[in-house]
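**Q** Next comes the structure file coords.cif, holding mmCIF, C-alpha atoms and all ligand atoms.
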```
data_protein
#
loop_
_atom_site.group_PDB
_atom_site.id
_atom_site.type_symbol
_atom_site.label_atom_id
_atom_site.label_comp_id
_atom_site.auth_asym_id
_atom_site.auth_seq_id
_atom_site.Cartn_x
_atom_site.Cartn_y
_atom_site.Cartn_z
ATOM 1 C CA MET Y 1 122.196 82.869 107.697
ATOM 2 C CA LEU Y 2 120.036 83.275 104.648
ATOM 3 C CA CYS Y 3 116.353 83.752 105.021
ATOM 4 C CA PRO Y 4 114.387 81.396 102.825
ATOM 5 C CA ARG Y 5 111.413 82.799 101.003
ATOM 6 C CA PRO Y 6 109.365 80.830 98.501
ATOM 7 C CA VAL Y 7 109.922 81.960 94.942
ATOM 8 C CA VAL Y 8 107.854 81.508 91.816
ATOM 9 C CA ARG Y 9 109.671 78.859 89.786
ATOM 10 C CA ARG Y 10 109.766 79.560 86.078
ATOM 11 C CA GLU Y 11 111.933 78.502 83.179
ATOM 12 C CA VAL Y 12 114.346 81.341 82.563
ATOM 13 C CA ALA Y 13 117.473 81.937 80.533
ATOM 14 C CA ILE Y 14 120.037 84.205 82.164
ATOM 15 C CA SER Y 15 123.546 84.587 80.809
ATOM 16 C CA THR Y 16 126.179 82.803 82.905
ATOM 17 C CA GLU Y 17 128.642 85.437 81.714
ATOM 18 C CA GLU Y 18 126.626 88.020 83.556
ATOM 19 C CA TYR Y 19 126.131 85.763 86.577
ATOM 20 C CA PRO Y 20 129.179 84.059 88.074
ATOM 21 C CA GLU Y 21 128.891 80.292 88.437
ATOM 22 C CA HIS Y 22 128.699 80.386 92.236
ATOM 23 C CA ALA Y 23 125.681 82.663 92.107
ATOM 24 C CA TYR Y 24 123.745 80.705 89.567
ATOM 25 C CA HIS Y 25 121.023 78.245 90.442
ATOM 26 C CA GLU Y 26 117.486 77.837 89.295
ATOM 27 C CA ASN Y 27 115.636 79.549 92.135
ATOM 28 C CA HIS Y 28 118.081 82.399 92.221
ATOM 29 C CA ALA Y 29 117.722 82.922 88.482
ATOM 30 C CA ALA Y 30 113.913 82.855 88.649
ATOM 31 C CA LEU Y 31 113.987 85.325 91.488
ATOM 32 C CA VAL Y 32 116.258 87.697 89.584
ATOM 33 C CA GLU Y 33 113.940 87.508 86.586
ATOM 34 C CA GLN Y 34 110.944 88.276 88.799
ATOM 35 C CA TYR Y 35 112.677 91.254 90.445
ATOM 36 C CA ARG Y 36 113.861 92.612 87.124
ATOM 37 C CA SER Y 37 110.386 92.304 85.627
ATOM 38 C CA GLU Y 38 109.086 94.392 88.546
ATOM 39 C CA ALA Y 39 112.001 96.844 88.574
ATOM 40 C CA ASP Y 40 109.800 99.628 87.144
ATOM 41 C CA LEU Y 41 107.985 99.736 90.479
ATOM 42 C CA LEU Y 42 111.078 101.212 92.128
ATOM 43 C CA ALA Y 43 112.070 103.546 89.288
ATOM 44 C CA PRO Y 44 109.899 106.485 90.438
ATOM 45 C CA PHE Y 45 111.391 106.330 93.927
ATOM 46 C CA VAL Y 46 115.000 105.133 93.852
ATOM 47 C CA THR Y 47 117.802 106.948 92.014
ATOM 48 C CA GLU Y 48 119.354 105.356 88.968
ATOM 49 C CA SER Y 49 122.758 104.978 90.662
ATOM 50 C CA SER Y 50 121.274 103.071 93.606
ATOM 51 C CA ARG Y 51 119.172 100.944 91.265
ATOM 52 C CA ALA Y 52 122.415 99.969 89.522
ATOM 53 C CA VAL Y 53 123.733 98.701 92.872
ATOM 54 C CA LEU Y 54 120.470 96.777 93.457
ATOM 55 C CA ASP Y 55 121.140 95.141 90.115
ATOM 56 C CA HIS Y 56 124.623 94.112 91.290
ATOM 57 C CA ILE Y 57 123.059 92.596 94.401
ATOM 58 C CA HIS Y 58 120.863 90.382 92.198
ATOM 59 C CA ALA Y 59 123.962 88.395 91.225
ATOM 60 C CA HIS Y 60 125.131 87.816 94.800
ATOM 61 C CA PRO Y 61 124.421 84.393 96.327
ATOM 62 C CA GLY Y 62 122.942 86.117 99.375
ATOM 63 C CA PHE Y 63 120.310 87.936 97.332
ATOM 64 C CA PRO Y 64 117.443 85.394 97.698
ATOM 65 C CA GLY Y 65 115.509 86.569 100.744
ATOM 66 C CA ALA Y 66 115.483 90.255 99.808
ATOM 67 C CA SER Y 67 112.141 92.036 100.127
ATOM 68 C CA ASP Y 68 109.978 91.875 97.007
ATOM 69 C CA PRO Y 69 109.572 94.949 94.741
ATOM 70 C CA PRO Y 70 105.870 95.615 95.543
ATOM 71 C CA MET Y 71 106.750 95.669 99.239
ATOM 72 C CA LEU Y 72 109.700 97.974 98.613
ATOM 73 C CA ALA Y 73 107.643 100.267 96.380
ATOM 74 C CA LEU Y 74 104.991 100.653 99.094
ATOM 75 C CA MET Y 75 107.696 101.377 101.643
ATOM 76 C CA ALA Y 76 109.332 103.852 99.262
ATOM 77 C CA LEU Y 77 106.051 105.714 98.810
ATOM 78 C CA LEU Y 78 105.544 105.936 102.584
ATOM 79 C CA LEU Y 79 109.128 107.149 103.086
ATOM 80 C CA LYS Y 80 108.610 109.864 100.484
ATOM 81 C CA LEU Y 81 105.300 110.912 102.017
ATOM 82 C CA MET Y 82 106.382 110.830 105.659
ATOM 83 C CA LYS Y 83 109.970 112.060 105.307
ATOM 84 C CA PRO Y 84 110.940 110.323 108.566
ATOM 85 C CA ILE Y 85 114.004 111.423 110.487
ATOM 86 C CA ARG Y 86 114.659 108.277 112.500
ATOM 87 C CA VAL Y 87 114.306 104.997 110.649
ATOM 88 C CA LEU Y 88 114.926 101.466 111.929
ATOM 89 C CA GLN Y 89 115.174 98.310 109.887
ATOM 90 C CA ILE Y 90 115.210 94.888 111.564
ATOM 91 C CA GLY Y 91 116.710 92.346 109.143
ATOM 92 C CA THR Y 92 119.382 93.763 106.817
ATOM 93 C CA LEU Y 93 120.502 90.641 104.929
ATOM 94 C CA ILE Y 94 122.972 91.982 102.329
ATOM 95 C CA GLY Y 95 121.509 95.449 102.091
ATOM 96 C CA TYR Y 96 118.882 95.402 99.323
ATOM 97 C CA SER Y 97 116.137 97.161 101.285
ATOM 98 C CA ALA Y 98 118.707 99.240 103.219
ATOM 99 C CA ILE Y 99 119.771 100.806 99.913
ATOM 100 C CA VAL Y 100 116.164 101.586 98.979
ATOM 101 C CA ILE Y 101 115.531 103.197 102.374
ATOM 102 C CA ALA Y 102 118.776 105.186 102.584
ATOM 103 C CA ASP Y 103 118.541 106.348 98.972
ATOM 104 C CA ILE Y 104 115.117 107.855 99.681
ATOM 105 C CA LEU Y 105 116.276 109.443 102.940
ATOM 106 C CA ARG Y 106 119.084 111.090 100.975
ATOM 107 C CA GLN Y 107 116.594 112.368 98.395
ATOM 108 C CA ASN Y 108 114.351 113.604 101.211
ATOM 109 C CA GLY Y 109 117.283 115.639 102.494
ATOM 110 C CA ARG Y 110 116.826 114.332 106.014
ATOM 111 C CA GLY Y 111 116.787 111.132 108.020
ATOM 112 C CA ALA Y 112 119.117 108.324 109.016
ATOM 113 C CA LEU Y 113 118.777 104.557 109.132
ATOM 114 C CA ILE Y 114 119.716 102.089 111.861
ATOM 115 C CA THR Y 115 119.710 98.561 110.503
ATOM 116 C CA VAL Y 116 119.925 95.484 112.714
ATOM 117 C CA ASP Y 117 120.996 91.954 111.830
ATOM 118 C CA PRO Y 118 122.911 89.369 113.890
ATOM 119 C CA ASP Y 119 124.750 87.942 110.873
ATOM 120 C CA HIS Y 120 128.267 89.420 110.678
ATOM 121 C CA HIS Y 121 128.905 88.068 107.208
ATOM 122 C CA SER Y 122 125.670 89.510 105.762
ATOM 123 C CA HIS Y 123 126.292 92.827 107.465
ATOM 124 C CA GLY Y 124 129.805 93.038 106.024
ATOM 125 C CA GLN Y 125 128.400 92.474 102.552
ATOM 126 C CA ALA Y 126 125.557 94.939 103.176
ATOM 127 C CA HIS Y 127 128.088 97.567 104.217
ATOM 128 C CA ALA Y 128 130.054 97.007 101.002
ATOM 129 C CA PHE Y 129 126.955 97.378 98.798
ATOM 130 C CA CYS Y 130 125.795 100.464 100.695
ATOM 131 C CA GLU Y 131 129.269 101.919 100.252
ATOM 132 C CA GLU Y 132 129.053 101.255 96.522
ATOM 133 C CA ALA Y 133 125.812 103.265 96.553
ATOM 134 C CA GLY Y 134 127.504 106.055 98.545
ATOM 135 C CA LEU Y 135 124.999 105.687 101.367
ATOM 136 C CA THR Y 136 127.007 104.526 104.404
ATOM 137 C CA GLU Y 137 127.027 107.983 105.998
ATOM 138 C CA LEU Y 138 123.290 107.646 106.513
ATOM 139 C CA ILE Y 139 123.402 104.145 107.963
ATOM 140 C CA THR Y 140 124.305 102.651 111.357
ATOM 141 C CA PHE Y 141 124.837 98.888 111.150
ATOM 142 C CA CYS Y 142 123.997 97.200 114.449
ATOM 143 C CA THR Y 143 125.209 93.606 114.291
ATOM 144 C CA ASP Y 144 122.980 91.925 116.836
ATOM 145 C CA TYR Y 145 119.557 90.343 117.274
ATOM 146 C CA SER Y 146 116.621 92.717 117.630
ATOM 147 C CA THR Y 147 116.357 91.541 121.224
ATOM 148 C CA GLY Y 148 120.110 91.733 121.920
ATOM 149 C CA GLU Y 149 121.967 93.970 124.357
ATOM 150 C CA GLN Y 150 123.799 95.927 121.694
ATOM 151 C CA THR Y 151 120.548 96.716 119.896
ATOM 152 C CA LYS Y 152 119.017 97.795 123.196
ATOM 153 C CA LEU Y 153 121.885 100.241 123.764
ATOM 154 C CA VAL Y 154 121.722 101.604 120.222
ATOM 155 C CA MET Y 155 117.972 102.112 120.483
ATOM 156 C CA GLU Y 156 118.203 103.788 123.883
ATOM 157 C CA ALA Y 157 120.703 106.257 122.449
ATOM 158 C CA ALA Y 158 118.701 106.846 119.255
ATOM 159 C CA GLY Y 159 115.269 107.611 120.740
ATOM 160 C CA GLN Y 160 111.914 106.602 119.276
ATOM 161 C CA MET Y 161 111.621 105.889 115.566
ATOM 162 C CA ASP Y 162 109.442 107.624 112.971
ATOM 163 C CA PHE Y 163 109.500 104.610 110.678
ATOM 164 C CA VAL Y 164 110.331 100.940 111.262
ATOM 165 C CA TYR Y 165 110.637 98.164 108.701
ATOM 166 C CA LEU Y 166 110.533 94.644 110.158
ATOM 167 C CA ASP Y 167 111.689 91.841 107.866
ATOM 168 C CA ALA Y 168 113.671 89.479 110.043
ATOM 169 C CA SER Y 169 113.193 85.966 111.458
ATOM 170 C CA HIS Y 170 109.734 85.143 110.013
ATOM 171 C CA ALA Y 171 109.275 83.190 113.232
ATOM 172 C CA TYR Y 172 106.389 83.506 115.678
ATOM 173 C CA VAL Y 173 108.175 83.942 119.021
ATOM 174 C CA PRO Y 174 110.808 86.526 117.968
ATOM 175 C CA THR Y 175 108.182 88.525 116.062
ATOM 176 C CA LEU Y 176 105.926 88.605 119.114
ATOM 177 C CA GLU Y 177 108.869 89.910 121.157
ATOM 178 C CA GLU Y 178 109.621 92.521 118.483
ATOM 179 C CA LEU Y 179 106.002 93.728 118.441
ATOM 180 C CA ASP Y 180 106.278 94.308 122.186
ATOM 181 C CA LEU Y 181 109.605 96.119 121.874
ATOM 182 C CA LEU Y 182 108.185 98.290 119.113
ATOM 183 C CA LEU Y 183 104.611 98.997 120.122
ATOM 184 C CA GLN Y 184 104.200 98.698 123.880
ATOM 185 C CA PRO Y 185 103.908 102.137 125.568
ATOM 186 C CA GLY Y 186 107.357 103.751 125.476
ATOM 187 C CA GLY Y 187 108.481 101.263 122.784
ATOM 188 C CA TRP Y 188 110.722 101.970 119.828
ATOM 189 C CA VAL Y 189 107.986 103.312 117.513
ATOM 190 C CA ALA Y 190 107.111 106.965 118.151
ATOM 191 C CA ASP Y 191 103.462 107.935 118.741
ATOM 192 C CA ASP Y 192 103.067 109.165 115.175
ATOM 193 C CA GLY Y 193 105.492 106.616 113.740
ATOM 194 C CA ILE Y 194 104.771 103.772 111.335
ATOM 195 C CA LEU Y 195 105.698 100.108 111.598
ATOM 196 C CA LEU Y 196 105.761 98.166 108.348
ATOM 197 C CA LEU Y 197 106.054 94.366 108.444
ATOM 198 C CA HIS Y 198 106.895 92.022 105.644
ATOM 199 C CA ASP Y 199 105.476 88.472 105.578
ATOM 200 C CA ALA Y 200 102.211 89.426 107.266
ATOM 201 C CA SER Y 201 99.955 87.313 105.034
ATOM 202 C CA THR Y 202 98.155 84.121 106.008
ATOM 203 C CA LEU Y 203 100.257 82.301 103.436
ATOM 204 C CA ALA Y 204 103.452 83.566 105.092
ATOM 205 C CA ARG Y 205 102.622 81.563 108.227
ATOM 206 C CA ASP Y 206 104.403 78.742 106.394
ATOM 207 C CA TYR Y 207 107.675 80.717 106.208
ATOM 208 C CA ASP Y 208 108.186 80.243 109.948
ATOM 209 C CA PRO Y 209 111.215 77.935 110.308
ATOM 210 C CA THR Y 210 109.859 76.830 113.719
ATOM 211 C CA GLY Y 211 106.469 75.944 112.239
ATOM 212 C CA GLU Y 212 104.624 78.086 114.808
ATOM 213 C CA GLY Y 213 102.647 80.372 112.500
ATOM 214 C CA GLY Y 214 105.183 83.109 111.790
ATOM 215 C CA VAL Y 215 104.598 86.829 111.528
ATOM 216 C CA ARG Y 216 100.874 86.479 110.892
ATOM 217 C CA ARG Y 217 100.159 84.471 114.020
ATOM 218 C CA ALA Y 218 102.340 86.891 116.003
ATOM 219 C CA ILE Y 219 100.282 89.834 114.675
ATOM 220 C CA ASP Y 220 96.963 88.117 115.434
ATOM 221 C CA ASP Y 221 97.991 87.025 118.937
ATOM 222 C CA TRP Y 222 99.604 90.360 119.779
ATOM 223 C CA LEU Y 223 96.472 92.253 118.749
ATOM 224 C CA GLU Y 224 94.282 89.922 120.757
ATOM 225 C CA VAL Y 225 96.266 90.721 123.904
ATOM 226 C CA ASN Y 226 96.755 94.417 123.044
ATOM 227 C CA PRO Y 227 93.594 95.430 121.167
ATOM 228 C CA LYS Y 228 93.843 99.103 122.138
ATOM 229 C CA LEU Y 229 97.517 99.764 121.476
ATOM 230 C CA ALA Y 230 97.639 100.109 117.696
ATOM 231 C CA HIS Y 231 95.762 100.714 114.469
ATOM 232 C CA HIS Y 232 96.645 98.100 111.875
ATOM 233 C CA LEU Y 233 96.130 97.007 108.308
ATOM 234 C CA VAL Y 234 97.176 93.745 106.664
ATOM 235 C CA LEU Y 235 97.395 93.623 102.885
ATOM 236 C CA GLU Y 236 97.432 90.181 101.298
ATOM 237 C CA ARG Y 237 96.093 88.335 98.305
ATOM 238 C CA PRO Y 238 93.721 89.015 96.593
ATOM 239 C CA LEU Y 239 94.042 92.673 97.673
ATOM 240 C CA TRP Y 240 97.847 92.742 97.422
ATOM 241 C CA PRO Y 241 99.909 91.241 94.584
ATOM 242 C CA SER Y 242 102.808 89.543 96.347
ATOM 243 C CA PRO Y 243 102.316 86.382 98.444
ATOM 244 C CA PRO Y 244 104.238 87.482 101.578
ATOM 245 C CA GLY Y 245 101.857 90.380 102.198
ATOM 246 C CA VAL Y 246 102.348 93.549 104.212
ATOM 247 C CA GLY Y 247 101.380 94.648 107.702
ATOM 248 C CA LEU Y 248 101.085 98.290 108.691
ATOM 249 C CA PHE Y 249 100.844 99.537 112.276
ATOM 250 C CA ARG Y 250 100.490 102.887 113.919
ATOM 251 C CA ARG Y 251 100.337 103.407 117.645
ATOM 252 C CA ARG Y 252 96.813 104.200 118.873
ATOM 253 C CA VAL Y 253 97.246 107.402 120.862
ATOM 254 C CA THR Y 254 94.481 107.827 123.436
ATOM 255 C CA SER Y 255 93.676 111.405 122.468
ATOM 256 C CA SER Y 256 93.152 110.509 118.744
HETATM 257 C C1 LIG H 301 114.273 88.382 104.957
HETATM 258 S S1 LIG H 301 115.933 88.761 105.340
HETATM 259 C C2 LIG H 301 115.914 90.536 105.251
HETATM 260 C C3 LIG H 301 115.875 91.021 103.846
HETATM 261 C C4 LIG H 301 116.108 92.496 103.739
HETATM 262 N N1 LIG H 301 115.020 93.243 104.357
HETATM 263 C C5 LIG H 301 116.239 92.885 102.280
HETATM 264 O O1 LIG H 301 115.244 93.234 101.653
HETATM 265 O O2 LIG H 301 117.345 92.797 101.760
HETATM 266 C C6 LIG H 301 115.936 88.478 107.070
HETATM 267 C C7 LIG H 301 117.211 88.881 107.826
HETATM 268 O O3 LIG H 301 116.839 88.963 109.189
HETATM 269 C C8 LIG H 301 117.906 88.547 109.973
HETATM 270 N N2 LIG H 301 117.371 88.141 111.276
HETATM 271 C C9 LIG H 301 116.869 86.952 111.646
HETATM 272 N N3 LIG H 301 116.482 86.991 112.920
HETATM 273 C C10 LIG H 301 116.717 88.245 113.366
HETATM 274 C C11 LIG H 301 116.524 88.914 114.613
HETATM 275 N N4 LIG H 301 115.991 88.274 115.674
HETATM 276 N N5 LIG H 301 116.886 90.199 114.711
HETATM 277 C C12 LIG H 301 117.411 90.865 113.650
HETATM 278 N N6 LIG H 301 117.605 90.288 112.450
HETATM 279 C C13 LIG H 301 117.272 88.984 112.318
HETATM 280 C C14 LIG H 301 118.555 87.427 109.188
HETATM 281 O O4 LIG H 301 119.906 87.273 109.578
HETATM 282 C C15 LIG H 301 118.375 87.909 107.754
HETATM 283 O O5 LIG H 301 119.524 88.551 107.284
#
```
Could you show the structure in this file as structure tokens?
**A**
Amino acid sequence: MLCPRPVVRREVAISTEEYPEHAYHENHAALVEQYRSEADLLAPFVTESSRAVLDHIHAHPGFPGASDPPMLALMALLLKLMKPIRVLQIGTLIGYSAIVIADILRQNGRGALITVDPDHHSHGQAHAFCEEAGLTELITFCTDYSTGEQTKLVMEAAGQMDFVYLDASHAYVPTLEELDLLLQPGGWVADDGILLLHDASTLARDYDPTGEGGVRRAIDDWLEVNPKLAHHLVLERPLWPSPPGVGLFRRRVTSS
């Protein structure tokens, strides 16, 4: 399953020699141009060898849906600052953001990533790209839904997470369930851990394939029911450059 995300449509010219026929269509090409034009954002954080693999991913038909460079750069900065040990990603797709995360953990000299996605085909491809980047030793691929039994077992064994990146269904109901799993007392995010969400903007309500208001409505409704459980910040236009926006949560510990 690919995750649709609106892209800025522009006239672009990309060599079909560089991009195999099967990977070439207008939206894909525009997206690659956009990501390449913003590639400098990742340069201070991600090693050159991993950035070369990200560039290979651009040509893959499964690439559209990867997190945007401003989002990844913010995440990269937080990963460098926090140096988390236990990191969870929900929504792997074909491994674009997994490579960014694992590359920084390797640079940090500590930390490991669990990444969850129910799509076997995407996970197989993600594994291959992460292998190309030499990062698989740092990554556990859990092929299941965030709410699935296998994920539950993996998370019980792993303990609470220092850092979580949620970029999965874009849909209201699953996101609400994930916020509970992550942030209710005893949930997957540690007391001093950080939860980062993609697609938190008002505009991103339209990305919900069920038409129910997506990640943003889930955030708003969850906070209304649980006003004392977490500190939060939503960055969106005009204060944040990319349309999907970013949400940032930290558990509100009673003694703080
Ligand atoms: C937006 S893409 C993730 C992009 C990825 N973060 C990247 O930058 O490459 C969303 C992914 O979430 C997965 N997904 C959808 N629903 C999910 C769920 N309930 N639990 C875990 N993953 C889910 C989809 O299969 C898809 O691969």
**Q** CA of Asp68 in chain Y to CA of Trp188 in chain Y: how many Å, to one decimal?
**A**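 Answer for the CA of Asp68 in chain Y to CA of Trp188 in chain Y separation: 25.0 Å.
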**Q** Nearest to Arg216 in chain Y among Y:Thr202, Y:Gln89, Y:Ser67, Y:Thr115, with distances taken over only C-alpha atoms: which residue is it?
**A** Y:Thr202
**Q** Name the residues that the PyMOL selection byres (((chain Y and resi 194) around 9) and not hetatm) picks from the file above, as JSON, numbers by chain, using the file's chain letters and numbers.
**A** {"Y": [161, 162, 163, 164, 165, 189, 190, 191, 192, 193, 195, 196, 248, 249, 250, 251]}
**Q** Each residue of range 131-196 of chain Y lying at most 10 Å from range 203-206 of chain Y should get a row with its shortest atom-to-atom pair and the distance in Å to one decimal, counting all atoms listed in the file; could you produce that, ordered by chain and increasing number, as CSV?
**A**
```
residue,atom,partner,partner_atom,distance
Y:His170,CA,Y:Ala204,CA,8.1
Y:Ala171,CA,Y:Arg205,CA,8.5
Y:Tyr172,CA,Y:Arg205,CA,8.6
```
**Q** Please identify all polymer residues within 10 Å of range 152-160 of chain Y, counting all atoms listed in the file, omitting same-chain residues fewer than 4 positions from it, and present them as a compact mmCIF listing (two decimals) with C-alpha atoms, in the frame of the given file.
**A**
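The result, written out as result-v1.txt:
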```txt
# COMPACT_ATOMS: atom_id res chain seq x y z
CA ARG Y 86 114.66 108.28 112.50
CA VAL Y 87 114.31 105.00 110.65
CA LEU Y 88 114.93 101.47 111.93
CA ILE Y 114 119.72 102.09 111.86
CA VAL Y 116 119.92 95.48 112.71
CA THR Y 140 124.30 102.65 111.36
CA PHE Y 141 124.84 98.89 111.15
CA CYS Y 142 124.00 97.20 114.45
CA ASP Y 144 122.98 91.92 116.84
CA TYR Y 145 119.56 90.34 117.27
CA SER Y 146 116.62 92.72 117.63
CA THR Y 147 116.36 91.54 121.22
CA GLY Y 148 120.11 91.73 121.92
CA VAL Y 164 110.33 100.94 111.26
CA LEU Y 181 109.60 96.12 121.87
CA LEU Y 182 108.18 98.29 119.11
CA GLY Y 186 107.36 103.75 125.48
CA GLY Y 187 108.48 101.26 122.78
CA TRP Y 188 110.72 101.97 119.83
CA VAL Y 189 107.99 103.31 117.51
CA ALA Y 190 107.11 106.96 118.15
CA ASP Y 191 103.46 107.94 118.74
CA GLY Y 193 105.49 106.62 113.74
```
**Q** Would you write out, as number ranges by chain, every residue that the PyMOL selection byres (((not hetatm)) within 7 of (chain H and resi 301)) captures in this file?
**A** Y: 1-3, 65-67, 90-98, 116-119, 122, 144-147, 167-169, 174
**Q** Choose the residue, out of Y:Val253, Y:Val234, Y:Ala102, Y:Ala29, that has the smallest atom-to-atom separation from Ala76 in chain Y; count all atoms listed in the file.
**A**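 Smallest distance to Ala76 in chain Y is found for Y:Ala102.
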**Q** Would you mind telling me which residue in Y:Leu74, Y:Ala200, Y:Glu224, Y:Ile99 lies nearest to Ala52 in chain Y when using all atoms listed in the file?
**A**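 The closest residue to Ala52 in chain Y is Y:Ile99.
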**Q** Report the distance between CA of Leu138 in chain Y and CA of Leu105 in chain Y in Å, rounded to one decimal place.
**A**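 The value is 8.1 Å.
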